[in-house]
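As structure tokens, the structure follows; a few thoughts come after it.
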Amino acid sequence: MVSKADFEPWPEPPAPAGPQASPGSTGPQASPGSTGKYVAQSVTGAAKILIVGPLGVGKTTLIGTVSEIKPLFTEAVMTQAGARVDAPAHGTKDTTTVALDFGRITVAGDLVLYLFGTPGQHRFLPAWRDLAKGALGALALIDPRDVAASFDVLGHLEDLGLPFAVAVNVFPDSPQHHDAELRKALDLLPDTPLVLCDARDQTSSIQALIALVRHLILAATETP
Amino acid sequence: MTNGPWERTSPVRPYVITGGRAESEGGPLSWESLVMATDAAFPAALQPEHQAILTHCQGLLSVAEVAAHLGQPPSVLQVLLADLLEWGLIVTRPPIPPAERADVTMLRKVLSGLESRL
């Protein structure tokens, strides 16, 4: 155990943003779409979806567009031997940190959905394994200006056996791709959804998530 | 709010604070597990880190949210939360149990929740 003098105390928390929750409360917090700090008291479970893709593809933007809370940021420390570091930047051999941002959507009175933005580089794969555990699936964001940057990400998803949909984040200067060309380039299975989306637009981003969840439902009901 | 002063100013490695424990028995709480402080009065001798967590968890929050609010890695929070759980100072609402195949009822619920946002 460490003594009190060894560290700075944690910061004092700010006052709760939402109304004070009391057990069994059916106040405004209980309705889907709550924007308070806390999850509605009626919620009994949480699900998660990973938003994956290479750096700069728009993961943070999409999460910010659809999240009911201001997207949060956390750094996962990886200390396992399996945390392969290609090029240690600061001379540390056994630890690396993975920056992850995430958001929240209350999808039902009793269910909240978390979206975790997960970086695509190979060295972050150990963090993926933990996060992928229990995940419903993943939405893979593709930059149409650099399709090849997503090859690794799709490979990781296939290795993990995590079902996914592909969303092409359309940038103003995006080249036009035909679906068939993209599917071939990305080597997608025929039933893997491929949708266009604008990560800055809420409707478009929600529609991409809907395409994923529809795919998950089909996959779960298709075979006995 | 992304980095607590403790993280910025202290050279103490995150795992020091957990007494070197990396994981609780029965596996760590997942990042999306929801936690909330109970009404139990907490002992005065509680570590400041434990107290900070309880102060933050006056309502339901995921492990990831608590970590982000406190500027600490989720791996550290997982250990401290396991302590609090053992002492009866927090309760958890476990995530949807990982299944080989996702539960269709739950998926439909997610779908309808998303569609209602269009």
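Ordering of the structure tokens sets the chain letters (A, B, ...), residue numbers begin anew at 1 in every chain, and ligands are numbered from 1 in the order given.
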Excluding same-chain residues fewer than 6 positions from range 42-44 of chain A, what lies within 7 Å of it counting only C-alpha atoms, as a list in words? Ala30, Gly109, Asp110, Leu111 and Val112 of chain A; Arg93 of chain B
May I have a table of the residues of chain A lying at most 6 Å from chain B, giving each one's closest pair of atoms and their distance in Å to one decimal, counting only C-alpha atoms, ordered by chain and ascending residue number, as a tab-separated table?
```
residue	atom	partner	partner_atom	distance
A:Met1	CA	B:Gly19	CA	4.9
A:Glu8	CA	B:Trp6	CA	4.9
A:Trp10	CA	B:Trp6	CA	5.9
A:Tyr38	CA	B:Leu60	CA	5.4
A:Val39	CA	B:Leu60	CA	5.1
A:Gly45	CA	B:Pro95	CA	5.1
A:Ala46	CA	B:Pro95	CA	4.7
A:Ala47	CA	B:Ile96	CA	5.9
A:Phe73	CA	B:Ala68	CA	5.8
A:Thr74	CA	B:Ala68	CA	5.0
A:Glu75	CA	B:Pro73	CA	5.4
A:Ala76	CA	B:Pro73	CA	5.2
A:Val107	CA	B:Gly113	CA	4.1
A:Ala108	CA	B:Gly113	CA	5.8
A:Gly134	CA	B:Pro98	CA	4.1
A:Thr203	CA	B:Leu118	CA	5.6
```
Point-to-point distance from CA of Phe102 in chain A to CA of Leu188 in chain A, Å rounded to tenths: 26.4 Å
Run DSSP on the backbone of this structure and report the residues of range 187-222 of chain A it assigns to alpha helix (DSSP H), as a VMD selection string. chain A and resid 202 to 222
Surrounding residues of Gly58 in chain A excluding itself and chain neighbours under 2 positions, 10 Å, only C-alpha atoms, as an mmCIF file with N, CA and C atoms, in the first residue's frame:
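After the write, around-v7.cif holds the following:
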```cif
data_model
loop_
_atom_site.group_PDB
_atom_site.id
_atom_site.type_symbol
_atom_site.label_atom_id
_atom_site.label_comp_id
_atom_site.auth_asym_id
_atom_site.auth_seq_id
_atom_site.Cartn_x
_atom_site.Cartn_y
_atom_site.Cartn_z
ATOM 1 N N ILE A 51 -16.039 1.688 -32.729
ATOM 2 C CA ILE A 51 -15.880 2.476 -33.951
ATOM 3 C C ILE A 51 -14.403 2.399 -34.286
ATOM 4 N N VAL A 52 -14.072 1.727 -35.381
ATOM 5 C CA VAL A 52 -12.669 1.453 -35.657
ATOM 6 C C VAL A 52 -12.234 2.085 -36.974
ATOM 7 N N GLY A 53 -10.943 2.311 -37.092
ATOM 8 C CA GLY A 53 -10.416 2.870 -38.323
ATOM 9 C C GLY A 53 -9.070 3.498 -38.084
ATOM 10 N N PRO A 54 -8.367 3.817 -39.161
ATOM 11 C CA PRO A 54 -7.049 4.417 -39.028
ATOM 12 C C PRO A 54 -7.141 5.841 -38.468
ATOM 13 N N LEU A 55 -6.010 6.343 -38.068
ATOM 14 C CA LEU A 55 -5.932 7.695 -37.514
ATOM 15 C C LEU A 55 -6.502 8.719 -38.504
ATOM 16 N N GLY A 56 -7.329 9.618 -38.002
ATOM 17 C CA GLY A 56 -7.802 10.715 -38.834
ATOM 18 C C GLY A 56 -8.958 10.371 -39.759
ATOM 19 N N THR A 60 -13.531 10.083 -34.056
ATOM 20 C CA THR A 60 -13.860 11.059 -33.018
ATOM 21 C C THR A 60 -15.041 11.916 -33.438
ATOM 22 N N THR A 61 -15.037 12.312 -34.709
ATOM 23 C CA THR A 61 -16.124 13.141 -35.230
ATOM 24 C C THR A 61 -17.444 12.401 -35.141
ATOM 25 N N LEU A 62 -17.455 11.153 -35.590
ATOM 26 C CA LEU A 62 -18.711 10.391 -35.587
ATOM 27 C C LEU A 62 -19.226 10.198 -34.161
ATOM 28 N N ILE A 63 -18.329 9.871 -33.248
ATOM 29 C CA ILE A 63 -18.758 9.664 -31.858
ATOM 30 C C ILE A 63 -19.337 10.961 -31.295
ATOM 31 N N GLY A 64 -18.672 12.077 -31.588
ATOM 32 C CA GLY A 64 -19.162 13.366 -31.105
ATOM 33 C C GLY A 64 -20.507 13.738 -31.704
ATOM 34 N N GLY A 117 -14.184 4.507 -29.654
ATOM 35 C CA GLY A 117 -13.324 4.736 -30.813
ATOM 36 C C GLY A 117 -12.002 4.016 -30.591
ATOM 37 N N LEU A 141 -14.687 2.576 -40.146
ATOM 38 C CA LEU A 141 -14.699 3.781 -40.971
ATOM 39 C C LEU A 141 -13.552 3.726 -41.974
ATOM 40 N N ILE A 142 -13.891 4.079 -43.200
ATOM 41 C CA ILE A 142 -12.913 4.050 -44.288
ATOM 42 C C ILE A 142 -12.756 5.460 -44.839
ATOM 43 N N ASP A 143 -11.519 5.852 -45.076
ATOM 44 C CA ASP A 143 -11.246 7.114 -45.771
ATOM 45 C C ASP A 143 -11.083 6.780 -47.250
ATOM 46 N N VAL A 168 -18.029 4.324 -45.390
ATOM 47 C CA VAL A 168 -17.072 5.189 -46.069
ATOM 48 C C VAL A 168 -17.380 6.622 -45.651
ATOM 49 N N ASN A 169 -16.443 7.207 -44.922
ATOM 50 C CA ASN A 169 -16.638 8.593 -44.474
ATOM 51 C C ASN A 169 -16.306 9.526 -45.628
ATOM 52 N N VAL A 170 -17.328 10.164 -46.164
ATOM 53 C CA VAL A 170 -17.152 10.958 -47.375
ATOM 54 C C VAL A 170 -16.606 12.341 -47.026
ATOM 55 N N PHE A 171 -15.444 12.630 -47.521
ATOM 56 C CA PHE A 171 -14.832 13.943 -47.343
ATOM 57 C C PHE A 171 -15.108 14.776 -48.590
ATOM 58 N N ASP A 198 -21.466 10.611 -43.618
ATOM 59 C CA ASP A 198 -20.791 11.860 -43.317
ATOM 60 C C ASP A 198 -20.741 11.939 -41.793
ATOM 61 N N ALA A 199 -19.563 11.729 -41.246
ATOM 62 C CA ALA A 199 -19.419 11.617 -39.792
ATOM 63 C C ALA A 199 -19.828 12.898 -39.075
ATOM 64 N N ARG A 200 -19.929 14.009 -39.807
ATOM 65 C CA ARG A 200 -20.319 15.284 -39.179
ATOM 66 C C ARG A 200 -21.832 15.411 -39.073
#
```
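Between CA of Ala180 in chain A and CA of Leu139 in chain A lies a distance of 19.2 Å.
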Could you name the residues that touch Pro43 in chain B at 12 Å or less, counting only C-alpha atoms, but leaving out those on the same chain fewer than 6 positions away, as a list in words?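 Final neighbour list, sorted by chain and number: His50, Gln51, Leu54, Leu84, Trp87, Gly88 and Leu89 of chain B.
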Can you list, as a list of chain:residue names, every protein, DNA or RNA residue that comes within 9 Å of Leu182 in chain A when you count only C-alpha atoms, leaving out same-chain residues fewer than 5 positions away?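 The filter keeps A:Pro144, A:Val147, A:His177, A:Asp187, A:Leu188, A:Leu194.
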Please, which residues of range 50-201 of chain A, numbered as in this document, come out strand (DSSP E) from DSSP, as an mmCIF file with N, CA and C atoms, in the first residue's frame?
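Wrote it out as selection.cif, contents follow:
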```cif
data_model
loop_
_atom_site.group_PDB
_atom_site.id
_atom_site.type_symbol
_atom_site.label_atom_id
_atom_site.label_comp_id
_atom_site.auth_asym_id
_atom_site.auth_seq_id
_atom_site.Cartn_x
_atom_site.Cartn_y
_atom_site.Cartn_z
ATOM 1 N N LEU A 50 -17.828 -0.931 -31.201
ATOM 2 C CA LEU A 50 -16.543 -0.296 -31.449
ATOM 3 C C LEU A 50 -16.611 0.493 -32.752
ATOM 4 N N ILE A 51 -16.039 1.688 -32.729
ATOM 5 C CA ILE A 51 -15.880 2.476 -33.951
ATOM 6 C C ILE A 51 -14.403 2.399 -34.286
ATOM 7 N N VAL A 52 -14.072 1.727 -35.381
ATOM 8 C CA VAL A 52 -12.669 1.453 -35.657
ATOM 9 C C VAL A 52 -12.234 2.085 -36.974
ATOM 10 N N GLY A 53 -10.943 2.311 -37.092
ATOM 11 C CA GLY A 53 -10.416 2.870 -38.323
ATOM 12 C C GLY A 53 -9.070 3.498 -38.084
ATOM 13 N N LEU A 72 -15.941 11.604 -24.249
ATOM 14 C CA LEU A 72 -14.907 11.533 -23.226
ATOM 15 C C LEU A 72 -13.682 10.847 -23.797
ATOM 16 N N PHE A 73 -12.589 11.072 -23.122
ATOM 17 C CA PHE A 73 -11.313 10.588 -23.601
ATOM 18 C C PHE A 73 -10.609 9.876 -22.469
ATOM 19 N N THR A 74 -10.065 8.731 -22.742
ATOM 20 C CA THR A 74 -9.311 8.053 -21.696
ATOM 21 C C THR A 74 -8.102 7.388 -22.321
ATOM 22 N N GLU A 75 -7.106 7.166 -21.493
ATOM 23 C CA GLU A 75 -5.916 6.496 -21.988
ATOM 24 C C GLU A 75 -5.782 5.151 -21.324
ATOM 25 N N ALA A 76 -5.817 4.133 -22.120
ATOM 26 C CA ALA A 76 -5.652 2.788 -21.586
ATOM 27 C C ALA A 76 -4.166 2.483 -21.504
ATOM 28 N N VAL A 77 -3.724 2.044 -20.350
ATOM 29 C CA VAL A 77 -2.321 1.656 -20.212
ATOM 30 C C VAL A 77 -2.222 0.167 -20.489
ATOM 31 N N MET A 78 -1.366 -0.173 -21.411
ATOM 32 C CA MET A 78 -1.169 -1.590 -21.695
ATOM 33 C C MET A 78 0.175 -2.013 -21.145
ATOM 34 N N THR A 96 2.627 0.901 -22.988
ATOM 35 C CA THR A 96 2.268 1.894 -23.983
ATOM 36 C C THR A 96 0.843 2.318 -23.659
ATOM 37 N N THR A 97 0.469 3.471 -24.114
ATOM 38 C CA THR A 97 -0.893 3.890 -23.845
ATOM 39 C C THR A 97 -1.656 4.005 -25.147
ATOM 40 N N VAL A 98 -2.915 3.728 -25.058
ATOM 41 C CA VAL A 98 -3.800 3.835 -26.207
ATOM 42 C C VAL A 98 -4.839 4.897 -25.889
ATOM 43 N N ALA A 99 -4.909 5.891 -26.723
ATOM 44 C CA ALA A 99 -5.924 6.921 -26.520
ATOM 45 C C ALA A 99 -7.236 6.453 -27.135
ATOM 46 N N LEU A 100 -8.269 6.491 -26.311
ATOM 47 C CA LEU A 100 -9.574 6.068 -26.801
ATOM 48 C C LEU A 100 -10.586 7.142 -26.470
ATOM 49 N N ASP A 101 -11.448 7.463 -27.402
ATOM 50 C CA ASP A 101 -12.548 8.331 -27.020
ATOM 51 C C ASP A 101 -13.846 7.546 -27.158
ATOM 52 N N PHE A 102 -14.810 7.999 -26.412
ATOM 53 C CA PHE A 102 -16.050 7.237 -26.407
ATOM 54 C C PHE A 102 -17.228 8.143 -26.118
ATOM 55 N N GLY A 103 -18.387 7.655 -26.512
ATOM 56 C CA GLY A 103 -19.622 8.391 -26.299
ATOM 57 C C GLY A 103 -20.715 7.441 -25.853
ATOM 58 N N ARG A 104 -21.895 8.011 -25.615
ATOM 59 C CA ARG A 104 -22.970 7.239 -25.004
ATOM 60 C C ARG A 104 -24.301 7.596 -25.664
ATOM 61 N N ILE A 105 -25.107 6.591 -25.891
ATOM 62 C CA ILE A 105 -26.472 6.824 -26.382
ATOM 63 C C ILE A 105 -27.412 5.970 -25.532
ATOM 64 N N THR A 106 -28.391 6.595 -24.890
ATOM 65 C CA THR A 106 -29.412 5.817 -24.187
ATOM 66 C C THR A 106 -30.415 5.359 -25.237
ATOM 67 N N VAL A 107 -30.407 4.065 -25.555
ATOM 68 C CA VAL A 107 -31.232 3.576 -26.666
ATOM 69 C C VAL A 107 -32.600 3.097 -26.206
ATOM 70 N N ALA A 108 -32.746 2.837 -24.927
ATOM 71 C CA ALA A 108 -34.037 2.423 -24.381
ATOM 72 C C ALA A 108 -34.050 2.805 -22.916
ATOM 73 N N LEU A 111 -31.608 0.458 -21.361
ATOM 74 C CA LEU A 111 -30.380 0.042 -22.051
ATOM 75 C C LEU A 111 -29.599 1.249 -22.572
ATOM 76 N N VAL A 112 -28.315 1.253 -22.278
ATOM 77 C CA VAL A 112 -27.452 2.320 -22.764
ATOM 78 C C VAL A 112 -26.389 1.700 -23.669
ATOM 79 N N LEU A 113 -26.063 2.432 -24.738
ATOM 80 C CA LEU A 113 -25.088 1.940 -25.703
ATOM 81 C C LEU A 113 -23.851 2.830 -25.646
ATOM 82 N N TYR A 114 -22.693 2.206 -25.507
ATOM 83 C CA TYR A 114 -21.435 2.956 -25.546
ATOM 84 C C TYR A 114 -20.739 2.726 -26.874
ATOM 85 N N LEU A 115 -20.164 3.797 -27.406
ATOM 86 C CA LEU A 115 -19.394 3.717 -28.644
ATOM 87 C C LEU A 115 -17.945 4.014 -28.301
ATOM 88 N N PHE A 116 -17.078 3.044 -28.534
ATOM 89 C CA PHE A 116 -15.662 3.230 -28.235
ATOM 90 C C PHE A 116 -14.872 3.386 -29.530
ATOM 91 N N GLY A 117 -14.184 4.507 -29.654
ATOM 92 C CA GLY A 117 -13.324 4.736 -30.813
ATOM 93 C C GLY A 117 -12.002 4.016 -30.591
ATOM 94 N N THR A 118 -11.658 3.150 -31.517
ATOM 95 C CA THR A 118 -10.502 2.287 -31.313
ATOM 96 C C THR A 118 -9.507 2.478 -32.445
ATOM 97 N N PRO A 119 -8.271 2.864 -32.116
ATOM 98 C CA PRO A 119 -7.287 3.133 -33.162
ATOM 99 C C PRO A 119 -6.878 1.859 -33.895
ATOM 100 N N GLY A 137 -20.600 -5.456 -32.026
ATOM 101 C CA GLY A 137 -19.986 -5.460 -33.339
ATOM 102 C C GLY A 137 -19.177 -4.193 -33.503
ATOM 103 N N ALA A 138 -18.728 -3.958 -34.731
ATOM 104 C CA ALA A 138 -17.898 -2.790 -34.985
ATOM 105 C C ALA A 138 -18.330 -2.091 -36.255
ATOM 106 N N LEU A 139 -18.175 -0.766 -36.245
ATOM 107 C CA LEU A 139 -18.366 0.011 -37.459
ATOM 108 C C LEU A 139 -16.972 0.448 -37.910
ATOM 109 N N ALA A 140 -16.568 -0.039 -39.078
ATOM 110 C CA ALA A 140 -15.240 0.288 -39.600
ATOM 111 C C ALA A 140 -15.350 1.499 -40.513
ATOM 112 N N LEU A 141 -14.687 2.576 -40.146
ATOM 113 C CA LEU A 141 -14.699 3.781 -40.971
ATOM 114 C C LEU A 141 -13.552 3.726 -41.974
ATOM 115 N N ILE A 142 -13.891 4.079 -43.200
ATOM 116 C CA ILE A 142 -12.913 4.050 -44.288
ATOM 117 C C ILE A 142 -12.756 5.460 -44.839
ATOM 118 N N PHE A 164 -18.949 -6.838 -38.435
ATOM 119 C CA PHE A 164 -18.791 -5.403 -38.675
ATOM 120 C C PHE A 164 -19.520 -4.963 -39.936
ATOM 121 N N ALA A 165 -19.720 -3.641 -39.994
ATOM 122 C CA ALA A 165 -20.187 -2.995 -41.216
ATOM 123 C C ALA A 165 -19.134 -1.961 -41.586
ATOM 124 N N VAL A 166 -19.066 -1.634 -42.864
ATOM 125 C CA VAL A 166 -18.086 -0.662 -43.340
ATOM 126 C C VAL A 166 -18.811 0.621 -43.728
ATOM 127 N N ALA A 167 -18.327 1.736 -43.189
ATOM 128 C CA ALA A 167 -18.895 3.031 -43.546
ATOM 129 C C ALA A 167 -17.795 3.884 -44.172
ATOM 130 N N VAL A 168 -18.029 4.324 -45.390
ATOM 131 C CA VAL A 168 -17.072 5.189 -46.069
ATOM 132 C C VAL A 168 -17.380 6.622 -45.651
ATOM 133 N N ASN A 169 -16.443 7.207 -44.922
ATOM 134 C CA ASN A 169 -16.638 8.593 -44.474
ATOM 135 C C ASN A 169 -16.306 9.526 -45.628
ATOM 136 N N LEU A 194 -21.960 -2.101 -46.725
ATOM 137 C CA LEU A 194 -21.046 -1.027 -47.123
ATOM 138 C C LEU A 194 -21.906 0.216 -47.350
ATOM 139 N N VAL A 195 -21.728 1.215 -46.504
ATOM 140 C CA VAL A 195 -22.555 2.423 -46.619
ATOM 141 C C VAL A 195 -21.676 3.651 -46.707
ATOM 142 N N LEU A 196 -22.220 4.706 -47.306
ATOM 143 C CA LEU A 196 -21.553 5.999 -47.294
ATOM 144 C C LEU A 196 -22.039 6.757 -46.074
ATOM 145 N N CYS A 197 -21.177 7.539 -45.465
ATOM 146 C CA CYS A 197 -21.675 8.364 -44.379
ATOM 147 C C CYS A 197 -20.880 9.654 -44.277
#
```
For Leu212 in chain A, which residue among A:Leu125, A:Leu162, A:Val153, A:Ala185 is the nearest when counting only C-alpha atoms?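 Ranking A:Leu125, A:Leu162, A:Val153, A:Ala185 by distance to Leu212 in chain A, first place goes to A:Leu162.
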Do a neighbour search on Leu29 in chain B at 8 Å with only C-alpha atoms, toss out local chain neighbours closer than 5 positions, and write the hits as a ChimeraX atom specification. /B:63,78,82
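A straight line drawn from CA of Leu136 in chain A to CA of Ala37 in chain B is 27.5 Å long.
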